[in-house]
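For reference, the structure is listed below as C-alpha cells.
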Amino acid sequence: DDHTPTAAAGADGPKKFPKGVVLGADGKPCRSCTSFASWAAITKSQTKGASAGTTTGTAVPSTFSSQPSPPADCPPDVEALGRSTWTLLHSITATYPTAPTASQQDNARGFLRSFASLYPCWVCAEDFQDWMKTNTPRVSSRDEFGRWMCEAHNAVNVKLGKDVFECSRWEERWRTGWKD
Ligand code: FAD
C-alpha cells in the first residue's frame, strides 16, 4: 500500500484526486500528508472541472497554484511540516545532556512515543512507529540520541529517494556548526 489512494468513497460516489494526494481517515485529502504541489493540483483540477461544468471547484489565484511551497502564513504541507519537525527533533538531541539521568532518559523515550502517535501526517507517523519497533530509541547519551535521530531521518530519506546524511557529522549540522 503506497498510502496514496486517488479515489475516496463519498455521498456522491467515489471522488478522484490527483496523484500524490493522501487521504485522511475521514476520506478527505490530508493536507499535512500531501505535498503543496499535489494539494495545488486538487484546486487546479477542481477549477478546471468547474469551468467544464463537471465539478464545483474553489477558484484559486494562478500565482498560488504555481508556487513550489505554501506561503509562509498558510497551513504547512508534508514538506514544510517535515523540515520544521526535523529542526525541532535534531535540536532536542543537540541540547540533550551528555550524561542524562534515568528520568531524563525516560522523558526522551516518552516524548518519542507521544510524538510518534501525534505526528500530523498519519502515513509518516505509522511508518515512524514501525521503524521504532526494530530501532529502539537510544537515549543513553547526547551522541547516542543524536545518531539514532540521524538514522531515523535517514530511513525517511531512503524511503523518499533522498541522499543519506553522514551521521558522524550530525553534531556539526545541528549543534556546533561545520568544522571547515
Ligand atoms: P529534510 O529531510 O526535512 O531535512 C532538513 C535538513 O536536515 C536537511 O536540509 C539536512 O541539512 C538535514 N538532514 C537531512 N538528513 C539528515 C539526517 N539523517 N540527520 C541529520 N540531519 C539531516 N515526508 C513524506 O513525504 N513521506 C513520509 O512518510 C514522511 N515521513 C516523515 C516522518 C517524520 C518523523 C518526519 C519528521 C518527517 C517526515 N516526512 C515525510 C517529511 C520529510 O522527511 C522531509 O522533511 C520533507 O520531504 C522535506 O525535505 P527536505 O529535503 O526539505 O529536508
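Identifiers for the C-alpha cells are assigned positionally: chains receive A, B, ... in sequence, residues are indexed from 1 per chain, and ligands are indexed from 1 in the order shown.
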Hey, which bits of chain A sit within 7 Å of ligand 1, and for each residue what's the closest pair of atoms and how far apart in Å (one decimal), counting only C-alpha atoms and all ligand atoms, rows by chain and increasing number, as JSON lines?
{"residue": "A:Cys33", "atom": "CA", "partner": "ligand 1", "partner_atom_place_in_ligand_line": "25 (O)", "distance": 7.0}
{"residue": "A:Val78", "atom": "CA", "partner": "ligand 1", "partner_atom_place_in_ligand_line": "23 (N)", "distance": 5.7}
{"residue": "A:Glu79", "atom": "CA", "partner": "ligand 1", "partner_atom_place_in_ligand_line": "46 (C)", "distance": 3.8}
{"residue": "A:Ala80", "atom": "CA", "partner": "ligand 1", "partner_atom_place_in_ligand_line": "48 (C)", "distance": 6.3}
{"residue": "A:Leu81", "atom": "CA", "partner": "ligand 1", "partner_atom_place_in_ligand_line": "45 (O)", "distance": 6.7}
{"residue": "A:Gly82", "atom": "CA", "partner": "ligand 1", "partner_atom_place_in_ligand_line": "45 (O)", "distance": 3.3}
{"residue": "A:Arg83", "atom": "CA", "partner": "ligand 1", "partner_atom_place_in_ligand_line": "3 (O)", "distance": 3.5}
{"residue": "A:Thr85", "atom": "CA", "partner": "ligand 1", "partner_atom_place_in_ligand_line": "36 (C)", "distance": 4.9}
{"residue": "A:Trp86", "atom": "CA", "partner": "ligand 1", "partner_atom_place_in_ligand_line": "36 (C)", "distance": 5.0}
{"residue": "A:Thr87", "atom": "CA", "partner": "ligand 1", "partner_atom_place_in_ligand_line": "5 (C)", "distance": 6.8}
{"residue": "A:His90", "atom": "CA", "partner": "ligand 1", "partner_atom_place_in_ligand_line": "20 (C)", "distance": 6.7}
{"residue": "A:Val123", "atom": "CA", "partner": "ligand 1", "partner_atom_place_in_ligand_line": "28 (O)", "distance": 5.7}
{"residue": "A:Cys124", "atom": "CA", "partner": "ligand 1", "partner_atom_place_in_ligand_line": "30 (N)", "distance": 3.7}
{"residue": "A:Ala125", "atom": "CA", "partner": "ligand 1", "partner_atom_place_in_ligand_line": "32 (C)", "distance": 6.2}
{"residue": "A:Asp127", "atom": "CA", "partner": "ligand 1", "partner_atom_place_in_ligand_line": "28 (O)", "distance": 6.6}
{"residue": "A:Phe128", "atom": "CA", "partner": "ligand 1", "partner_atom_place_in_ligand_line": "34 (C)", "distance": 5.7}
{"residue": "A:Met149", "atom": "CA", "partner": "ligand 1", "partner_atom_place_in_ligand_line": "19 (N)", "distance": 6.6}
{"residue": "A:Cys150", "atom": "CA", "partner": "ligand 1", "partner_atom_place_in_ligand_line": "19 (N)", "distance": 3.5}
{"residue": "A:Glu151", "atom": "CA", "partner": "ligand 1", "partner_atom_place_in_ligand_line": "18 (N)", "distance": 5.6}
{"residue": "A:Ala152", "atom": "CA", "partner": "ligand 1", "partner_atom_place_in_ligand_line": "18 (N)", "distance": 6.7}
{"residue": "A:His153", "atom": "CA", "partner": "ligand 1", "partner_atom_place_in_ligand_line": "18 (N)", "distance": 4.2}
{"residue": "A:Asn154", "atom": "CA", "partner": "ligand 1", "partner_atom_place_in_ligand_line": "18 (N)", "distance": 4.0}
{"residue": "A:Val156", "atom": "CA", "partner": "ligand 1", "partner_atom_place_in_ligand_line": "43 (O)", "distance": 5.5}
{"residue": "A:Asn157", "atom": "CA", "partner": "ligand 1", "partner_atom_place_in_ligand_line": "43 (O)", "distance": 6.2}
{"residue": "A:Leu160", "atom": "CA", "partner": "ligand 1", "partner_atom_place_in_ligand_line": "25 (O)", "distance": 6.6}
{"residue": "A:Val164", "atom": "CA", "partner": "ligand 1", "partner_atom_place_in_ligand_line": "18 (N)", "distance": 6.2}
{"residue": "A:Phe165", "atom": "CA", "partner": "ligand 1", "partner_atom_place_in_ligand_line": "18 (N)", "distance": 4.5}
{"residue": "A:Cys167", "atom": "CA", "partner": "ligand 1", "partner_atom_place_in_ligand_line": "19 (N)", "distance": 6.1}
{"residue": "A:Trp170", "atom": "CA", "partner": "ligand 1", "partner_atom_place_in_ligand_line": "20 (C)", "distance": 5.2}
{"residue": "A:Arg173", "atom": "CA", "partner": "ligand 1", "partner_atom_place_in_ligand_line": "21 (N)", "distance": 6.6}
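Using only C-alpha atoms, the shortest contact distance between Cys121 of chain A and any of A:Pro76, A:Pro71, A:Gly27, A:Gly146 is found at A:Pro76.
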Exercise for the section: Using backbone DSSP assignments, extract all alpha helix (DSSP H) residues from chain A; output them as number ranges by chain. Expected result: A: 36-52, 62-65, 78-94, 102-118, 122-134, 142-159, 170-171
Handout entry: Contact residues around Pro70 of chain A with only C-alpha atoms at 10 Å, ignoring same-chain residues under 6 positions, as JSON, numbers by chain
Key = {"A": [35, 36, 37, 39, 40, 64, 76, 77, 79, 80]}
For C-alpha atoms, I'd like the residues from the last selection saved as a PDB file, in the first residue's frame.
ATOM      1  CA  SER A  35       2.900  17.983  -0.819  1.00  0.00           C
ATOM      2  CA  PHE A  36       1.892  21.506  -1.715  1.00  0.00           C
ATOM      3  CA  ALA A  37       2.282  20.677  -5.421  1.00  0.00           C
ATOM      4  CA  TRP A  39      -2.511  19.992  -2.978  1.00  0.00           C
ATOM      5  CA  ALA A  40      -2.449  22.792  -5.538  1.00  0.00           C
ATOM      6  CA  PHE A  64      -0.942  30.331  -5.652  1.00  0.00           C
ATOM      7  CA  PRO A  76       2.051  23.510   6.281  1.00  0.00           C
ATOM      8  CA  ASP A  77       2.214  20.776   3.648  1.00  0.00           C
ATOM      9  CA  GLU A  79       7.415  19.034   3.411  1.00  0.00           C
ATOM     10  CA  ALA A  80       7.219  22.275   5.408  1.00  0.00           C
TER      11      ALA A  80
END
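Coordinates place atom CA of Pro120 of chain A at a distance of 27.6 Å from atom CA of Asp143 of chain A.
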Practice task
For each of A:Leu118, A:Cys30, A:Ala155, A:Asp73, take the minimum atom-to-atom distance to Asn135 of chain A, counting only C-alpha atoms, then give the residue where this is smallest.
Solution key: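 That would be A:Ala155, the residue with the smallest distance to Asn135 of chain A.
With atom CA of Thr101 of chain A on one side and atom CA of Ser114 of chain A on the other, the separation reads 20.1 Å.
The residue that comes closest to Thr93 of chain A, out of A:Cys74, A:Trp174, A:Lys19, A:Ala116 and on the basis of only C-alpha atoms, is A:Trp174.
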Exercise for the section: Just the strand (DSSP E) stuff from chain A, please, per backbone DSSP, written as a ChimeraX atom specification. Expected result: /A:7-8,15-16
